[in-house]
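See structure below.
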Amino acid sequence: MQEPTRPLSLDVILRSPYFRERSMVGIQWLPDSSAFTFQKGNDIWRHAVGTHEESLILQGASLKWKDEPVEMSSYQTTGEQSSLLIAGPQKQIWRHSFSAPYYLYDISSGSLQPLANGDPALQNVAFSPDNKLVGFVKGSNLCIASVSSGEVEVKQLTHDGDDNILNGIFDWVYEEEFGRADAFRWSRDSKKIAFWRLDQTEVKSFLLYDDTTEKYPTVTTLKYPKAGEKNSEVKIGVVDVETQETVWIDFGEEKDVYIARIDWTTQPNILALQWLNRRQNKLQLLFADVTTGKSVVVLTDETATGWIDVTDDFVFFKKTEEFLWTTEKSGYRHIYLSDYSGNLRQITEGDWEVTSIVGFDEESGWIYFYGKKNGPENQFLYRVKVDGKSFETLSVESGWHSVNFSPDFSHGILDYHSASSPKQVYLITSDGKKESTLLENKLIGLALFQISYPHFGNLHTTDNNTALSYYITKPANFDENKKYPVLMYGYSGPGHQVATNNWVKMRHLWHSMIANTGEGCIIFCVDGRGMTGRGRDFKHFAYRDISKWIVHDQIEGVKFLRTLPYVDDKRIAFWGWSGGGYLACHLMGRATEYISTAIAVASATDWSLYDTIWTERYMDLPESNVEGYKAANAVTYAESVQGNFLLVHGTGDDNVHCQNTMLYVDALVQAGKDFDMMLYPNRNHGIYGGNTTHHLYSKLTAFLKRHLNL
């Protein structure tokens, strides 16, 4: 007889081995596609595709420099698999950026030698395509080191780098909002490097105070352009690694712009740039001659109803002067083929979204991509011939799929997970068939404890019958004759989704714990208008007032819940983090007849306090949208706040500054409103470190138990 499952607790979720997941990291394919390497702990292994045999390449414990052990955090391989570039302990800078010491390891001899004399502050270290050089940034300057002779000789390519002049690295806002830290690109022939140069001299500083380390606060000065303020001045340079001469690209007279992406075309002297205006409603693909610096416009993407999203979906063919490109010009993001003159031909079509291009097998003509054809809550893997024919769905199970294909596209390493399954890793063939299982996460806790899983659906709004994606999670011992309270979860950021069929361990397990606390609780999440997954027009509902439709559609969610006979509509709570915290603040001021309790974690409250790129993309420029910024400001509705309200923020949050919560709190105090509050000293936007996560979720749990009578 099977023993009954036990209730979850935070100790079980966070401090026990029951839900400890494994993952395959550092996967890198050999150029001939016969094998791939990966990192297991502090060791590096090779997996042969044909035999599935695994062999040890490097035992991390053997890494020493001057008799001192070297702790490996990551690695890169050369094409010949003769050398490894080993990163030592990483020091995180912002979300994507970090610094570390680097070492070159010769596989045959086992010798190890440091780059730049073991300097621990190297950034964006990368082999050249011919594997004879290593490029990196040191002290905001772009450098290279020659490694072909076994010597590590550093040559500095730029000389003006300092705290304000950034060569080959991004400022905070570029990194955060364009989603990358690596700010230079090797040319395909390894003779040149194209790089971003950002001058943040005129960007205003925001001060972060750490009261926990010294008698007097430690102050971090962060160059952070808030909405409407000055950005860094951007330039794109192309430096010749032999002569050290730099050519600067001319991308027009307008200077208050963004260069969101650069990439080398198949022509050795032509660099492609994605140029974006300040309002981010016009994107141009430019081709620049790096010998003269002159550029021409190849493609233009514009919208009058919202913004243009930047993607990495420009894939250059190796044999012809053509490339793949995605755009929402049809109303949904789809794949197009273009020649170097900008003549477009649409490849995919329909009332569904292409999420992103995975890769292009030029030999067979197959384009591999992710998309939403099988529902906005899923991410499926598909392929289509470049002529638009022979469309195939390669994913079988509903859920979230991501793949790392071999260079010849004969095999791929597929990560799969869903709302009911932790990550599994498979070796697949080019047609999506599973050839072997590389990693299974058989979490023993899933069988031992009460776990509730989400069920997905679409609700139709009462105003114009718009379909909204949602999921609902019921207690394990659900009784349709009982009345249950509801905990809603949501997010407000345009172009995002949270009602998705994927595994987010901490949130999922905590929701399951709440669902099975006391007499039980319903968990509910709905993606309102402004979110992604349903096309351009659905997403652009958010433009110029992020708050309007997200509040409206959370209310639509409550109206749907009220149709369910097992819902106690007097006990409905909402919680969210970051943009979800922002949504919680608005619901407490604008939906008080629907929501009785709310938790706002790390909340944005006033978009004039947030950064230029994100805010202006969705809200337009402050001077052009005064009423919109006022309507979207949570402070505007502080006088109307009612209910049980908990505010949480980390005082060291570099992303959504604690200033947002403090100004909102001041408005609540002036309005005489009662609320609870928890500040976490010097914690960043993720609010973690040490016992912080346990403490935070204990606080949230206790608040919900008290006010939902769990």
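Residue numbering restarts at 1 in every chain; chains get A, B, ... in the order shown in the structure tokens, and ligands count up from 1 in that same order.
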
With DSSP run on the backbone, what are the strand (DSSP E) residues within region 136-277 of chain A? I'd like them as a PyMOL selection string.
chain A and resi 136-138+141-146+153-156+165-167+184-186+192-199+205-210+218-223+233-240+246-248+257-264+270-277

Please list as a PyMOL selection string every residue within 10 Å of region 344-352 of chain A, counting only C-alpha atoms and excluding residues in the same chain fewer than 3 positions away.
chain A and resi 299+323-327+330-341+355+367+371-376+384-389+391+533-535

Set the distance at 10 Å and use only C-alpha atoms: which residues neighbour Leu448 (chain A) once local chain neighbours fewer than 2 positions away are removed? I'd like the list as a VMD selection string.
chain A and resid 3 to 8 18 443 to 446 450 to 451

CA of Gly581 (chain A) to CA of Leu646 (chain A), straight-line distance in Å
10.1 Å

Can you tell me which residues surround region 163-174 of chain A at a distance of at most 10 Å, considering only C-alpha atoms, apart from same-chain residues fewer than 4 positions away, and format the answer as a ChimeraX atom specification?
/A:93-97,123-124,135-143,157-159,178-185,193-203,222-226,231-237,258-260,611-614,654-655

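Interatomic distance, CA of Pro681 (chain A) against CA of Pro89 (chain A): 25.0 Å.
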
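Across the structure, CA of Tyr680 (chain A) and CA of Asn633 (chain A) are spaced 23.8 Å apart.
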
Selection near Thr266 (chain A), 9 Å with only C-alpha atoms, sequence-local residues under 3 positions removed, as a PyMOL selection string
chain A and resi 188+269-270+316-322

Would you mind exporting the chosen residues as a compact mmCIF listing (two decimals), in the first residue's frame, restricted to N, CA and C atoms?
# COMPACT_ATOMS: atom_id res chain seq x y z
N ARG A 188 35.11 37.31 -39.54
CA ARG A 188 35.19 35.89 -39.86
C ARG A 188 36.61 35.45 -40.21
N ASN A 269 34.39 42.75 -45.71
CA ASN A 269 34.47 44.15 -45.30
C ASN A 269 33.11 44.79 -45.06
N ILE A 270 32.06 43.98 -44.95
CA ILE A 270 30.73 44.52 -44.74
C ILE A 270 30.21 44.09 -43.37
N PHE A 316 23.10 35.04 -41.57
CA PHE A 316 23.71 35.22 -42.89
C PHE A 316 24.13 33.88 -43.48
N PHE A 317 23.78 33.68 -44.76
CA PHE A 317 24.16 32.45 -45.44
C PHE A 317 25.67 32.47 -45.70
N LYS A 318 26.25 31.28 -45.80
CA LYS A 318 27.70 31.17 -46.02
C LYS A 318 28.06 31.23 -47.50
N LYS A 319 27.16 30.73 -48.35
CA LYS A 319 27.51 30.57 -49.76
C LYS A 319 26.89 31.62 -50.67
N THR A 320 25.84 32.26 -50.21
CA THR A 320 25.16 33.25 -51.05
C THR A 320 24.98 34.55 -50.27
N GLU A 321 24.75 35.64 -50.98
CA GLU A 321 24.53 36.93 -50.34
C GLU A 321 23.05 37.07 -49.99
N GLU A 322 22.64 36.26 -49.00
CA GLU A 322 21.28 36.25 -48.51
C GLU A 322 21.30 36.09 -47.00

Please identify all polymer residues within 10 Å of Leu58 (chain A), counting only C-alpha atoms, omitting same-chain residues fewer than 5 positions from it, and present them as a PyMOL selection string.
chain A and resi 39+42-46+63+84+105+107+110
